[in-house]
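Below is work10.txt, which holds compact mmCIF, C-alpha atoms and all ligand atoms.
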# COMPACT_ATOMS: atom_id res chain seq x y z
CA MET A 11 0.00 0.00 0.00
CA SER A 12 1.37 3.42 -0.92
CA THR A 13 1.90 6.09 1.70
CA SER A 14 1.80 9.84 1.35
CA THR A 15 3.75 12.54 3.14
CA ILE A 16 0.83 14.96 2.72
CA THR A 17 -1.15 15.41 5.92
CA ARG A 18 -4.76 14.29 5.69
CA SER A 19 -5.85 15.89 8.95
CA ASP A 20 -6.05 19.39 7.52
CA GLY A 21 -9.48 18.91 5.89
CA VAL A 22 -10.84 22.14 7.35
CA HIS A 23 -9.45 23.94 4.30
CA LEU A 24 -11.78 21.96 2.04
CA ASN A 25 -14.59 24.18 3.37
CA GLU A 26 -12.88 27.43 2.46
CA PRO A 27 -14.25 29.47 -0.47
CA ILE A 28 -11.82 28.01 -3.05
CA VAL A 29 -14.36 25.17 -3.53
CA PRO A 30 -16.39 25.93 -6.70
CA ALA A 31 -19.83 27.27 -5.87
CA MET A 32 -22.69 24.95 -6.87
CA ARG A 33 -24.59 27.94 -8.24
CA GLY A 34 -21.88 28.62 -10.84
CA GLU A 35 -23.52 26.50 -13.54
CA THR A 36 -24.49 28.55 -16.60
CA GLN A 37 -25.75 25.80 -18.90
CA ALA A 38 -26.86 22.23 -18.27
CA PHE A 39 -25.00 19.57 -20.27
CA SER A 40 -28.26 18.39 -21.82
CA MET A 41 -29.34 21.87 -22.94
CA ALA A 42 -28.45 23.65 -26.20
CA ARG A 43 -28.37 27.40 -26.72
CA LYS A 44 -29.80 28.76 -29.94
CA ASN A 45 -26.99 30.52 -31.74
CA PRO A 46 -27.89 32.59 -34.85
CA LEU A 47 -26.41 30.17 -37.39
CA ALA A 48 -29.42 29.95 -39.73
CA LEU A 49 -29.54 26.28 -38.77
CA ASP A 50 -32.56 24.24 -37.72
CA ALA A 51 -32.56 23.68 -33.91
CA THR A 52 -33.30 19.97 -34.27
CA ALA A 53 -30.41 19.56 -36.71
CA ALA A 54 -28.09 21.42 -34.33
CA ALA A 55 -29.19 19.29 -31.36
CA ALA A 56 -28.59 16.06 -33.30
CA SER A 57 -25.15 17.28 -34.36
CA ILE A 58 -24.25 18.20 -30.77
CA ASP A 59 -25.09 14.65 -29.61
CA ASN A 60 -23.12 13.10 -32.47
CA LEU A 61 -20.13 15.41 -32.01
CA ASN A 62 -19.98 14.71 -28.27
CA GLN A 63 -19.92 10.96 -29.00
CA LEU A 64 -17.12 11.49 -31.53
CA LEU A 65 -15.34 13.71 -29.00
CA ALA A 66 -15.51 11.04 -26.27
CA ASP A 67 -14.12 8.43 -28.66
CA THR A 68 -11.43 10.75 -30.02
CA LEU A 69 -10.31 11.68 -26.48
CA THR A 70 -10.08 7.95 -25.74
CA LEU A 71 -8.10 7.19 -28.89
CA ARG A 72 -5.82 10.16 -28.20
CA ASP A 73 -5.03 8.76 -24.74
CA LEU A 74 -4.60 5.24 -26.11
CA TYR A 75 -1.90 6.61 -28.43
CA LYS A 76 -0.08 8.22 -25.49
CA LYS A 77 -0.28 4.99 -23.48
CA HIS A 78 1.28 3.12 -26.40
CA HIS A 79 3.87 5.87 -26.95
CA TRP A 80 5.04 5.44 -23.36
CA GLN A 81 4.78 1.66 -23.28
CA ALA A 82 6.31 0.87 -26.72
CA SER A 83 8.82 -1.99 -26.76
CA GLY A 84 10.72 -4.42 -28.99
CA PRO A 85 12.88 -4.08 -32.15
CA SER A 86 10.62 -1.32 -33.56
CA PHE A 87 10.58 0.62 -30.30
CA TYR A 88 11.95 3.89 -31.64
CA VAL A 89 9.81 4.16 -34.77
CA MET A 90 6.63 3.14 -32.93
CA HIS A 91 7.43 5.50 -30.05
CA LEU A 92 7.60 8.36 -32.56
CA LEU A 93 4.65 7.27 -34.71
CA PHE A 94 2.32 6.84 -31.73
CA ASP A 95 3.17 10.35 -30.53
CA LYS A 96 2.63 11.86 -34.00
CA HIS A 97 -0.83 10.29 -34.15
CA PHE A 98 -1.49 11.45 -30.57
CA GLU A 99 -0.79 15.05 -31.63
CA GLU A 100 -3.11 14.73 -34.64
CA GLN A 101 -5.91 13.27 -32.50
CA ALA A 102 -5.41 16.09 -29.97
CA LYS A 103 -6.02 18.60 -32.77
CA LEU A 104 -9.22 16.76 -33.73
CA VAL A 105 -10.37 16.91 -30.10
CA ASP A 106 -10.22 20.69 -30.16
CA VAL A 107 -11.97 20.98 -33.53
CA LEU A 108 -14.80 18.70 -32.35
CA ALA A 109 -15.16 20.40 -28.96
CA GLU A 110 -15.30 23.88 -30.46
CA ARG A 111 -17.90 22.74 -32.99
CA VAL A 112 -20.09 21.54 -30.09
CA GLN A 113 -19.81 24.97 -28.46
CA THR A 114 -20.37 26.74 -31.81
CA LEU A 115 -23.66 24.88 -32.19
CA GLY A 116 -24.71 26.00 -28.68
CA GLY A 117 -24.00 22.73 -26.88
CA VAL A 118 -21.78 21.80 -23.93
CA THR A 119 -18.70 19.67 -24.60
CA ILE A 120 -18.02 16.44 -22.81
CA ALA A 121 -14.60 17.02 -21.26
CA MET A 122 -13.58 15.16 -18.11
CA ALA A 123 -12.13 11.64 -17.99
CA PRO A 124 -14.91 9.95 -15.94
CA ASP A 125 -17.58 11.32 -18.31
CA VAL A 126 -15.52 10.31 -21.34
CA ALA A 127 -15.02 6.80 -19.93
CA GLU A 128 -18.77 6.48 -19.45
CA ALA A 129 -19.60 7.64 -22.97
CA THR A 130 -16.93 6.09 -25.19
CA LEU A 131 -17.71 3.12 -27.42
CA ILE A 132 -14.03 2.11 -27.60
CA PRO A 133 -13.30 -1.01 -25.50
CA ARG A 134 -11.29 -0.27 -22.35
CA ALA A 135 -7.58 -1.03 -22.65
CA PRO A 136 -5.86 -2.86 -19.77
CA LYS A 137 -3.35 -1.14 -17.49
CA ASP A 138 -0.84 -3.81 -18.52
CA ARG A 139 1.89 -3.23 -21.08
CA GLU A 140 1.30 -5.00 -24.42
CA ASP A 141 3.53 -6.00 -27.36
CA THR A 142 3.62 -3.95 -30.56
CA ALA A 143 1.26 -6.17 -32.59
CA THR A 144 -1.36 -6.03 -29.82
CA GLN A 145 -0.94 -2.26 -29.47
CA ILE A 146 -1.51 -1.84 -33.22
CA ALA A 147 -4.50 -4.20 -33.24
CA ARG A 148 -6.06 -2.30 -30.35
CA LEU A 149 -5.54 1.04 -32.11
CA LEU A 150 -6.97 -0.28 -35.39
CA GLN A 151 -10.07 -1.48 -33.53
CA ALA A 152 -10.51 1.98 -31.98
CA HIS A 153 -10.09 3.67 -35.37
CA GLU A 154 -12.78 1.42 -36.84
CA VAL A 155 -15.22 2.34 -34.07
CA ILE A 156 -14.66 6.01 -34.92
CA LEU A 157 -14.77 5.56 -38.69
CA LEU A 158 -17.99 3.56 -38.55
CA GLU A 159 -19.83 6.14 -36.47
CA ALA A 160 -18.24 9.10 -38.28
CA ARG A 161 -19.51 7.92 -41.69
CA ALA A 162 -23.06 7.53 -40.32
CA MET A 163 -22.83 10.97 -38.66
CA ALA A 164 -21.50 12.50 -41.89
CA ARG A 165 -24.53 11.23 -43.77
CA ASP A 166 -26.88 12.50 -41.01
CA SER A 167 -25.36 15.97 -40.94
CA ALA A 168 -25.48 16.27 -44.74
CA ALA A 169 -29.14 15.21 -44.76
CA SER A 170 -30.07 17.71 -42.02
CA GLY A 171 -28.26 20.61 -43.69
CA ASP A 172 -25.50 20.99 -41.06
CA LEU A 173 -22.74 21.25 -43.65
CA GLY A 174 -20.21 22.80 -41.25
CA THR A 175 -20.37 19.71 -39.06
CA ASN A 176 -20.36 17.48 -42.13
CA ASP A 177 -17.16 19.14 -43.35
CA ILE A 178 -15.40 18.60 -40.00
CA ILE A 179 -16.45 14.96 -39.83
CA VAL A 180 -15.38 14.20 -43.41
CA SER A 181 -12.36 16.46 -43.91
CA ASP A 182 -10.89 16.23 -40.42
CA VAL A 183 -12.14 13.15 -38.59
CA ILE A 184 -12.59 10.59 -41.40
CA ARG A 185 -9.52 11.56 -43.42
CA THR A 186 -7.18 11.77 -40.40
CA ASN A 187 -8.38 8.42 -39.06
CA GLU A 188 -8.14 6.71 -42.45
CA LEU A 189 -4.58 7.96 -42.93
CA GLN A 190 -3.56 6.82 -39.45
CA VAL A 191 -5.07 3.38 -40.12
CA TRP A 192 -2.89 3.10 -43.22
CA PHE A 193 0.28 3.97 -41.28
CA LEU A 194 -0.56 1.43 -38.57
CA ALA A 195 -1.75 -1.38 -40.84
CA GLU A 196 1.44 -1.28 -42.94
CA HIS A 197 3.34 -2.54 -39.88
CA LEU A 198 1.32 -5.75 -39.93
CA GLN A 199 2.19 -6.70 -43.55
FE FE B 201 7.01 11.60 -25.12
Once you've parsed the file, please lay out its structure as structure tokens.
Amino acid sequence: MSTSTITRSDGVHLNEPIVPAMRGETQAFSMARKNPLALDATAAAASIDNLNQLLADTLTLRDLYKKHHWQASGPSFYVMHLLFDKHFEEQAKLVDVLAERVQTLGGVTIAMAPDVAEATLIPRAPKDREDTATQIARLLQAHEVILLEARAMARDSAASGDLGTNDIIVSDVIRTNELQVWFLAEHLQ
């Protein structure tokens, strides 16, 4: 069992005003503001839900890349260490694009790890370290989860007239994920 040198008996400070006030909420997660985007409110609400799902899965894939960057091993250690971090950076950029689209449409982004863990459709990775082939297989599985849902969401957003969201899903999410799949899958040939 781990021990800490930090005293735990000083809990009185937890009641001081640095604790966030419960009344500070300005918008419920489930509510959408109507921004003047000349976009149907139902279409915007559907896009917010879809984008938050994509955001949860992209945050998860981003973190999976960092896990594998740190835990790389074997004869291809150096190249995989670098490749995993490159893909991590690209997924981190997608995270910001997706999150800011949610806010643009008047929604509230999913953001914190426990909420992301609850929402993601990507299977949970173990804490254990895994060999390169297993790392790649796990990443390819996560990419496929994202690509499958992203294509369906792209069709939905085109049909509802939310072309800004459609462009992000096709040009950013689908193309980045497809390219990363190629770079990973070539290592299995
Ligand atoms: Fe690093």
Item checked: A:Ala195, A:Leu104, A:Met90, A:Ala56 ranked by distance to Val180 in chain A, top pick (using all atoms listed in the file) ->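 Using all atoms listed in the file, Val180 in chain A sits closest to A:Leu104.
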Taking all atoms listed in the file into account, list the residues no farther than 12 Å from ligand FE 201 (chain B), as a PDB file with C-alpha atoms, keeping the file's coordinate frame.
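Listing of selection20.pdb after writing:
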ATOM      1  CA  TYR A  75      -1.900   6.610 -28.430  1.00  0.00           C
ATOM      2  CA  LYS A  76      -0.080   8.220 -25.490  1.00  0.00           C
ATOM      3  CA  LYS A  77      -0.280   4.990 -23.480  1.00  0.00           C
ATOM      4  CA  HIS A  78       1.280   3.120 -26.400  1.00  0.00           C
ATOM      5  CA  HIS A  79       3.870   5.870 -26.950  1.00  0.00           C
ATOM      6  CA  TRP A  80       5.040   5.440 -23.360  1.00  0.00           C
ATOM      7  CA  GLN A  81       4.780   1.660 -23.280  1.00  0.00           C
ATOM      8  CA  ALA A  82       6.310   0.870 -26.720  1.00  0.00           C
ATOM      9  CA  TYR A  88      11.950   3.890 -31.640  1.00  0.00           C
ATOM     10  CA  MET A  90       6.630   3.140 -32.930  1.00  0.00           C
ATOM     11  CA  HIS A  91       7.430   5.500 -30.050  1.00  0.00           C
ATOM     12  CA  LEU A  92       7.600   8.360 -32.560  1.00  0.00           C
ATOM     13  CA  LEU A  93       4.650   7.270 -34.710  1.00  0.00           C
ATOM     14  CA  PHE A  94       2.320   6.840 -31.730  1.00  0.00           C
ATOM     15  CA  ASP A  95       3.170  10.350 -30.530  1.00  0.00           C
ATOM     16  CA  LYS A  96       2.630  11.860 -34.000  1.00  0.00           C
ATOM     17  CA  PHE A  98      -1.490  11.450 -30.570  1.00  0.00           C
ATOM     18  CA  GLU A  99      -0.790  15.050 -31.630  1.00  0.00           C
TER      19      GLU A  99
END
Margin query: I'd like the interatomic distance between CA of Thr186 in chain A and CA of Val105 in chain A, to a tenth of an Å.
Written below: 11.9 Å
Next item on the list: Find the residue from A:His97, A:Arg111, A:Arg72, A:Arg148 that sits nearest to Ala54 in chain A; use only C-alpha atoms when measuring.
Entry: A:Arg111
Next item on the list: Name the closest residue to Pro46 in chain A among the candidates A:Thr142, A:Gln151, A:Asn176, A:Thr114; distances are taken between atoms, counting only C-alpha atoms.
Entry: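 Comparing A:Thr142, A:Gln151, A:Asn176, A:Thr114 against Pro46 in chain A, the winner is A:Thr114.
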Next item on the list: Between CA of Ala152 in chain A and CA of Pro133 in chain A, measure the distance and give it in Å to one decimal.
Entry: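 Result for CA of Ala152 in chain A versus CA of Pro133 in chain A: 7.7 Å, one decimal.
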Next item on the list: Please provide as a list of chain:residue names all residues within 9 Å of range 33-42 of chain A, with the sequence filter that same-chain residues fewer than 3 positions apart are discarded (counting all atoms listed in the file).
Entry: A:Pro30, A:Asn45, A:Ala51, A:Ala54, A:Ala55, A:Ile58, A:Leu115, A:Gly116, A:Gly117, A:Val118, A:Thr119, A:Ile120
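Interatomic distance, CA of Asp138 in chain A to CA of Leu150 in chain A: 18.3 Å.
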Note to self: Which residue is closest to Gln101 in chain A? Choose from A:Glu154, A:Asp166, A:Asp73, A:Asp141 and count all atoms listed in the file.
What the structure shows: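 Nearest to Gln101 in chain A: A:Asp73.
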May I have the protein, DNA and RNA residues with an atom at most 9 Å from (-13.5, 12.8, -21.9), counting only C-alpha atoms in the file's coordinates, returned as a compact mmCIF listing (two decimals) with C-alpha atoms, in the coordinates of the input?
# COMPACT_ATOMS: atom_id res chain seq x y z
CA LEU A 65 -15.34 13.71 -29.00
CA ALA A 66 -15.51 11.04 -26.27
CA ASP A 67 -14.12 8.43 -28.66
CA THR A 68 -11.43 10.75 -30.02
CA LEU A 69 -10.31 11.68 -26.48
CA THR A 70 -10.08 7.95 -25.74
CA ILE A 120 -18.02 16.44 -22.81
CA ALA A 121 -14.60 17.02 -21.26
CA MET A 122 -13.58 15.16 -18.11
CA ALA A 123 -12.13 11.64 -17.99
CA PRO A 124 -14.91 9.95 -15.94
CA ASP A 125 -17.58 11.32 -18.31
CA VAL A 126 -15.52 10.31 -21.34
CA ALA A 127 -15.02 6.80 -19.93
CA GLU A 128 -18.77 6.48 -19.45
CA ALA A 129 -19.60 7.64 -22.97
CA THR A 130 -16.93 6.09 -25.19
